[in-house]
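> Please see the structure below; I have some questions.
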Amino acid sequence: MGKLSWFAGGVVAGLTAAAISKELEKPSAERIWTGTVAGVPYNFRLGEWPNIAREYWNPASDQILVPHAIGIGWGINLAAIKNRVESLLAAQQGRVHEPVER
């Protein structure tokens, strides 16, 4: 696993450097510190701390993979997984699962 870890770390470092470079190429008034690089989302705005918990638990969203509240890449919305598992179990038991009120 050592080589795979080094490779993954290199990819993350490269994407982070590319995202920062992309922002620094813009005039300072146009830097928003959020966007995508090579199809990977990034967000370097530090004012997003309250959104970190919502990244991992957001019952209002059906998306499982969501962009990180801070950083580069995606996080996992565990509430969406829970809702899908409940729906699958309900379908297996022959009943319709009512989604949780949001």
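Quick note on naming: the chains in the structure tokens go A, B, ... in the order shown, residues restart at 1 in each chain, and ligands are numbered from 1 in order of appearance.
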Run DSSP on the backbone and grab whatever in range 24-73 of chain A lands in helix (DSSP H, G or I); send it over as a PDB file with N, CA and C atoms, in the first residue's frame.


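Heads up, here's the output in selection-v7.pdb:
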ATOM      1  N   LEU A  24      -4.656  32.085  -8.380  1.00  0.00           N
ATOM      2  CA  LEU A  24      -3.656  33.150  -8.351  1.00  0.00           C
ATOM      3  C   LEU A  24      -3.440  33.806  -9.714  1.00  0.00           C
ATOM      4  N   SER A  28      -6.811  39.818  -8.212  1.00  0.00           N
ATOM      5  CA  SER A  28      -7.207  39.550  -6.825  1.00  0.00           C
ATOM      6  C   SER A  28      -8.691  39.803  -6.571  1.00  0.00           C
ATOM      7  N   ALA A  29      -9.296  40.740  -7.265  1.00  0.00           N
ATOM      8  CA  ALA A  29     -10.724  41.025  -7.070  1.00  0.00           C
ATOM      9  C   ALA A  29     -11.613  39.906  -7.608  1.00  0.00           C
ATOM     10  N   GLU A  30     -11.083  39.069  -8.494  1.00  0.00           N
ATOM     11  CA  GLU A  30     -11.877  38.002  -9.113  1.00  0.00           C
ATOM     12  C   GLU A  30     -11.638  36.627  -8.488  1.00  0.00           C
ATOM     13  N   LEU A  46     -12.312  29.851   3.870  1.00  0.00           N
ATOM     14  CA  LEU A  46     -12.337  29.429   5.271  1.00  0.00           C
ATOM     15  C   LEU A  46     -13.640  29.759   5.968  1.00  0.00           C
ATOM     16  N   GLY A  47     -14.478  30.578   5.381  1.00  0.00           N
ATOM     17  CA  GLY A  47     -15.761  30.906   5.988  1.00  0.00           C
ATOM     18  C   GLY A  47     -16.780  29.793   5.881  1.00  0.00           C
ATOM     19  N   GLU A  48     -16.394  28.645   5.385  1.00  0.00           N
ATOM     20  CA  GLU A  48     -17.315  27.533   5.164  1.00  0.00           C
ATOM     21  C   GLU A  48     -17.346  26.544   6.329  1.00  0.00           C
ATOM     22  N   TRP A  49     -16.705  26.839   7.448  1.00  0.00           N
ATOM     23  CA  TRP A  49     -16.651  25.896   8.565  1.00  0.00           C
ATOM     24  C   TRP A  49     -18.019  25.403   9.020  1.00  0.00           C
ATOM     25  N   PRO A  50     -19.057  26.250   9.081  1.00  0.00           N
ATOM     26  CA  PRO A  50     -20.366  25.729   9.513  1.00  0.00           C
ATOM     27  C   PRO A  50     -20.944  24.665   8.574  1.00  0.00           C
ATOM     28  N   ASN A  51     -20.446  24.601   7.344  1.00  0.00           N
ATOM     29  CA  ASN A  51     -20.988  23.644   6.373  1.00  0.00           C
ATOM     30  C   ASN A  51     -20.332  22.269   6.437  1.00  0.00           C
ATOM     31  N   ILE A  52     -19.320  22.113   7.273  1.00  0.00           N
ATOM     32  CA  ILE A  52     -18.618  20.830   7.319  1.00  0.00           C
ATOM     33  C   ILE A  52     -19.539  19.707   7.783  1.00  0.00           C
ATOM     34  N   ALA A  53     -20.301  19.928   8.820  1.00  0.00           N
ATOM     35  CA  ALA A  53     -21.212  18.877   9.304  1.00  0.00           C
ATOM     36  C   ALA A  53     -22.247  18.531   8.240  1.00  0.00           C
ATOM     37  N   ARG A  54     -22.742  19.537   7.508  1.00  0.00           N
ATOM     38  CA  ARG A  54     -23.748  19.297   6.474  1.00  0.00           C
ATOM     39  C   ARG A  54     -23.161  18.487   5.317  1.00  0.00           C
ATOM     40  N   GLU A  55     -21.847  18.570   5.130  1.00  0.00           N
ATOM     41  CA  GLU A  55     -21.203  17.766   4.086  1.00  0.00           C
ATOM     42  C   GLU A  55     -21.397  16.278   4.359  1.00  0.00           C
ATOM     43  N   TYR A  56     -21.303  15.893   5.615  1.00  0.00           N
ATOM     44  CA  TYR A  56     -21.370  14.481   5.981  1.00  0.00           C
ATOM     45  C   TYR A  56     -22.757  14.017   6.430  1.00  0.00           C
TER      46      TYR A  56
END

> If you count only C-alpha atoms, which residues fall within 8 Å of range 76-86 of chain A, apart from same-chain ones fewer than 6 positions away, as a VMD selection string?

chain A and resid 54 to 59 61 to 66 97 99 to 100

> Generate the output file for the selected residues, N, CA and C atoms, as a CSV table (one decimal), in the first residue's frame.


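Listing of part_39.csv after writing:
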chain,number,residue,atom,x,y,z
A,54,ARG,N,-22.7,19.5,7.5
A,54,ARG,CA,-23.7,19.3,6.5
A,54,ARG,C,-23.2,18.5,5.3
A,55,GLU,N,-21.8,18.6,5.1
A,55,GLU,CA,-21.2,17.8,4.1
A,55,GLU,C,-21.4,16.3,4.4
A,56,TYR,N,-21.3,15.9,5.6
A,56,TYR,CA,-21.4,14.5,6.0
A,56,TYR,C,-22.8,14.0,6.4
A,57,TRP,N,-23.6,14.9,6.8
A,57,TRP,CA,-25.0,14.6,7.2
A,57,TRP,C,-26.0,15.7,6.7
A,58,ASN,N,-26.6,15.4,5.6
A,58,ASN,CA,-27.5,16.4,5.0
A,58,ASN,C,-28.7,15.6,4.5
A,59,PRO,N,-29.7,15.4,5.3
A,59,PRO,CA,-30.9,14.6,4.9
A,59,PRO,C,-31.7,15.4,3.8
A,61,SER,N,-30.6,16.4,1.1
A,61,SER,CA,-30.0,16.1,-0.2
A,61,SER,C,-30.0,14.6,-0.5
A,62,ASP,N,-30.2,14.2,-1.7
A,62,ASP,CA,-30.1,12.8,-2.1
A,62,ASP,C,-28.8,12.5,-2.7
A,63,GLN,N,-27.9,13.5,-2.8
A,63,GLN,CA,-26.6,13.2,-3.4
A,63,GLN,C,-25.7,12.5,-2.3
A,64,ILE,N,-25.0,11.4,-2.8
A,64,ILE,CA,-24.1,10.7,-1.9
A,64,ILE,C,-22.8,11.4,-1.9
A,65,LEU,N,-22.2,11.6,-3.0
A,65,LEU,CA,-20.9,12.3,-3.1
A,65,LEU,C,-21.1,13.8,-3.3
A,66,VAL,N,-20.6,14.6,-2.4
A,66,VAL,CA,-20.8,16.0,-2.4
A,66,VAL,C,-19.4,16.7,-2.3
A,97,HIS,N,-41.4,2.8,1.2
A,97,HIS,CA,-40.8,3.6,2.2
A,97,HIS,C,-41.1,5.1,2.0
A,99,PRO,N,-40.2,8.8,2.5
A,99,PRO,CA,-39.0,9.5,2.8
A,99,PRO,C,-39.2,10.3,4.1
A,100,VAL,N,-38.1,10.5,4.8
A,100,VAL,CA,-38.1,11.3,6.0
A,100,VAL,C,-38.4,12.8,5.7

> I'd like to know which residues of chain A are strand (DSSP E) (by DSSP, run on the backbone); could you write them as a list in words?

Thr34, Gly35, Thr36, Val37, Val40, Pro41, Tyr42, Asn43, Leu65, Val66, Pro67, Gly71, Ile72, Trp74, Gly75 and Ile76 of chain A

> Considering only C-alpha atoms, return as a list in words whatever protein or nucleic-acid residues lie within 8 Å of Glu23 in chain A, sequence-local ones (same chain, fewer than 3 positions apart) excluded.

Ala19, Ile20, Lys26, Arg31, Ile32 and Trp33 of chain A

> Taking N, CA and C atoms for each residue, export the selection above as a short mmCIF file (atom, residue, chain, number, x, y, z; two decimals), in the first residue's frame.


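Done, and the output landed in again.cif:
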data_model
loop_
_atom_site.label_atom_id
_atom_site.label_comp_id
_atom_site.auth_asym_id
_atom_site.auth_seq_id
_atom_site.Cartn_x
_atom_site.Cartn_y
_atom_site.Cartn_z
N ALA A 19 -5.17 24.04 -8.45
CA ALA A 19 -6.31 24.87 -8.04
C ALA A 19 -5.83 26.21 -7.50
N ILE A 20 -4.79 26.19 -6.68
CA ILE A 20 -4.25 27.44 -6.15
C ILE A 20 -3.69 28.30 -7.28
N LYS A 26 -5.82 34.77 -11.57
CA LYS A 26 -6.88 35.76 -11.69
C LYS A 26 -6.48 37.04 -10.97
N ARG A 31 -10.76 36.55 -7.50
CA ARG A 31 -10.47 35.26 -6.87
C ARG A 31 -11.60 34.88 -5.92
N ILE A 32 -12.22 33.74 -6.21
CA ILE A 32 -13.31 33.27 -5.35
C ILE A 32 -12.91 32.03 -4.55
N TRP A 33 -11.78 31.43 -4.88
CA TRP A 33 -11.22 30.30 -4.17
C TRP A 33 -12.14 29.08 -4.12
#

> Find the spatial neighbours of range 38-42 of chain A, counting only C-alpha atoms, within a cut-off of 12 Å - ignore same-chain residues fewer than 6 positions away - and output them as a ChimeraX atom specification.

/A:11-12,14-20,22-23,32,65-75
